[in-house]
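Asks: Hey, dropping coords.tsv in here, TSV, C-alpha atoms:
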chain	number	residue	atom	x	y	z
A	4	MET	CA	23.81	11.18	37.31
A	5	GLU	CA	24.92	7.98	35.53
A	6	ALA	CA	23.03	6.69	32.52
A	7	THR	CA	21.34	3.35	33.03
A	8	THR	CA	22.39	0.63	30.59
A	9	ASP	CA	20.74	-2.49	29.24
A	10	GLN	CA	22.29	-5.97	29.25
A	11	ASN	CA	24.41	-5.10	26.19
A	12	SER	CA	25.87	-2.02	27.92
A	13	ARG	CA	24.00	0.39	25.68
A	14	PRO	CA	22.44	3.45	27.27
A	15	LEU	CA	18.72	2.83	27.71
A	16	ASN	CA	17.83	6.11	26.07
A	17	ASP	CA	19.34	4.65	22.86
A	18	VAL	CA	17.31	1.46	23.23
A	19	GLN	CA	14.12	3.34	24.01
A	20	GLY	CA	14.36	5.64	20.99
A	21	HIS	CA	10.95	4.40	19.93
A	22	CYS	CA	9.45	6.67	22.59
A	23	LYS	CA	10.40	9.78	20.64
A	24	ALA	CA	7.61	11.45	18.70
A	25	THR	CA	7.75	10.42	15.06
A	26	GLN	CA	5.79	11.33	11.97
A	27	PRO	CA	3.38	8.65	10.80
A	28	GLN	CA	4.71	6.56	7.93
A	29	ARG	CA	3.22	7.37	4.56
A	30	LEU	CA	3.93	6.89	0.89
A	31	PRO	CA	3.17	9.24	-1.99
A	32	ILE	CA	-0.13	9.23	-3.84
A	33	ASN	CA	0.12	11.41	-6.93
A	34	SER	CA	-3.27	11.25	-8.63
A	35	PRO	CA	-6.95	10.59	-8.05
A	36	ARG	CA	-6.55	7.25	-9.87
A	37	GLN	CA	-3.82	6.17	-7.48
A	38	TYR	CA	-5.95	7.30	-4.54
A	39	ARG	CA	-8.95	5.26	-5.73
A	40	LEU	CA	-6.79	2.18	-6.37
A	41	ILE	CA	-5.19	2.24	-2.89
A	42	LEU	CA	-8.57	2.89	-1.27
A	43	ALA	CA	-10.06	-0.09	-3.14
A	44	ILE	CA	-7.35	-2.65	-2.41
A	45	LEU	CA	-7.10	-1.50	1.19
A	46	GLU	CA	-10.52	-3.16	1.60
A	47	GLY	CA	-9.24	-6.42	0.09
A	48	ALA	CA	-7.95	-8.00	-3.10
A	49	LYS	CA	-9.60	-6.75	-6.30
A	50	SER	CA	-9.55	-8.09	-9.84
A	51	THR	CA	-8.18	-6.04	-12.70
A	52	ARG	CA	-11.69	-5.95	-14.17
A	53	ASP	CA	-13.14	-4.51	-10.94
A	54	LEU	CA	-10.32	-1.98	-10.65
A	55	ILE	CA	-10.93	-0.70	-14.18
A	56	GLN	CA	-14.36	0.43	-13.03
A	57	ILE	CA	-13.28	1.66	-9.59
A	58	VAL	CA	-10.12	3.50	-10.66
A	59	GLY	CA	-11.48	4.90	-13.92
A	60	ALA	CA	-8.53	3.74	-16.00
A	61	ASN	CA	-8.28	0.96	-18.56
A	62	ASN	CA	-4.59	0.51	-17.87
A	63	VAL	CA	-4.67	-0.51	-14.20
A	64	PRO	CA	-1.23	-2.23	-14.40
A	65	ASP	CA	0.31	1.14	-15.32
A	66	VAL	CA	-1.26	2.80	-12.25
A	67	VAL	CA	0.08	-0.08	-10.11
A	68	MET	CA	3.54	0.20	-11.70
A	69	ASN	CA	3.71	3.91	-10.85
A	70	LEU	CA	2.66	3.23	-7.26
A	71	ARG	CA	5.27	0.48	-6.93
A	72	GLY	CA	7.87	2.93	-8.22
A	73	SER	CA	6.94	5.21	-5.31
A	74	GLY	CA	7.50	2.44	-2.76
A	75	TRP	CA	4.05	0.88	-2.52
A	76	GLN	CA	4.04	-2.89	-2.12
A	77	ILE	CA	1.25	-4.27	-4.28
A	78	HIS	CA	1.12	-7.92	-5.28
A	79	CYS	CA	-0.71	-9.37	-8.27
A	80	ASP	CA	-1.99	-12.91	-7.86
A	81	ARG	CA	-3.00	-14.86	-10.93
A	82	VAL	CA	-6.35	-16.46	-10.27
A	83	PRO	CA	-8.18	-18.86	-12.56
A	84	VAL	CA	-11.32	-17.56	-14.29
A	85	PHE	CA	-13.29	-18.53	-17.36
A	86	ASP	CA	-13.45	-16.26	-20.40
A	87	ARG	CA	-16.57	-15.72	-22.50
A	88	ASP	CA	-15.73	-18.79	-24.59
A	89	GLY	CA	-15.57	-21.03	-21.54
A	90	ASN	CA	-11.78	-21.30	-21.54
A	91	LYS	CA	-9.98	-21.38	-18.21
A	92	VAL	CA	-7.53	-18.45	-18.10
A	93	ALA	CA	-5.53	-16.58	-15.45
A	94	ALA	CA	-6.64	-13.10	-14.43
A	95	GLY	CA	-4.83	-10.59	-12.25
A	96	GLN	CA	-6.02	-9.83	-8.73
A	97	TYR	CA	-4.23	-7.04	-6.87
A	98	ARG	CA	-3.72	-6.92	-3.13
A	99	LEU	CA	-1.95	-4.48	-0.87
A	100	ILE	CA	1.16	-5.68	0.96
A	101	THR	CA	2.06	-2.25	2.43
A	102	ASP	CA	0.75	-2.12	6.02
A	103	GLN	CA	-2.70	-0.67	6.53
A	104	GLU	CA	-1.61	2.11	8.86
A	105	THR	CA	0.82	3.48	6.28
A	106	ALA	CA	-1.86	3.23	3.58
A	107	LYS	CA	-4.45	5.04	5.70
A	108	ASN	CA	-1.96	7.79	6.62
A	109	SER	CA	-1.10	8.21	2.94
A	110	LEU	CA	-4.76	8.44	1.92
A	111	LYS	CA	-5.41	11.06	4.62
A	112	ALA	CA	-2.37	13.07	3.57
A	113	TYR	CA	-3.49	13.05	-0.08
A	114	LYS	CA	-7.03	14.14	0.81
A	115	GLY	CA	-5.69	16.77	3.22
A	116	ALA	CA	-3.51	18.27	0.49
A	117	LYS	CA	-6.51	18.75	-1.81
Would you kindly transcribe this structure into structure tokens?
Replies:
Amino acid sequence: MEATTDQNSRPLNDVQGHCKATQPQRLPINSPRQYRLILAILEGAKSTRDLIQIVGANNVPDVVMNLRGSGWQIHCDRVPVFDRDGNKVAAGQYRLITDQETAKNSLKAYKGAK
């Protein structure tokens, strides 16, 4: 039996490789703080101030840096806010760039390993 080819003369079974069963994409989560941070920004962008309370760490940028080092795509926008003296300053607001499916699979895998 001859293999069917597509318009570029490639065997269709090569083109249709996406039909093979694959493991869901996921990235490492190595601590409860990382878990809480990903869970929080999966819902939407969060300020550094909010994340300090949610994550339970004063050094949120360090938690983000470690996640980025593991392949997570997290962006920090600088948004204008006013400090207690009424001065306009820029504050960090983190948002998840990594796709939601990968994030959810990673959260499930972390919880499942506990």
Asks: Rounded to one decimal, what separation in Å do you get between CA of Trp75 (chain A) and CA of Glu104 (chain A)?
Replies: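 Going from CA of Trp75 (chain A) over to CA of Glu104 (chain A), I get 12.8 Å.
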Asks: I'd like the interatomic distance between CA of Ser50 (chain A) and CA of Gly72 (chain A), to a tenth of an Å.
Replies: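 Going from CA of Ser50 (chain A) over to CA of Gly72 (chain A), I get 20.7 Å.
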Asks: Just want the 9 Å neighbourhood of Gly74 (chain A), counted on all atoms listed in the file, with same-chain residues fewer than 6 positions away dropped. Output as a list of chain:residue names.
Replies: A:Leu30, A:Pro31, A:Thr101
Asks: Go through A:Gly115, A:Pro35, A:Pro83, A:Gly47 and flag the residue nearest Tyr97 (chain A), using all atoms listed in the file for the distances.
Replies: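 Using all atoms listed in the file, the shortest distance to Tyr97 (chain A) belongs to A:Gly47.
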Asks: Restricting the calculation to all atoms listed in the file, which member of A:Leu70, A:Ile32, A:Asp86, A:Arg98 is positioned closest to Leu54 (chain A)?
Replies: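 Closest to Leu54 (chain A) of all the choices is A:Arg98.
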Asks: Using all atoms listed in the file, which residues sit within 12 Å of Leu40 (chain A) once same-chain residues fewer than 2 positions away are excluded, as a PyMOL selection string?
Replies: chain A and resi 32-38+42-51+53-60+62-70+75+77+97-99+106+110
Asks: So how far away is CA of Arg29 (chain A) from CA of Asp80 (chain A), in Å?
Replies: 24.3 Å
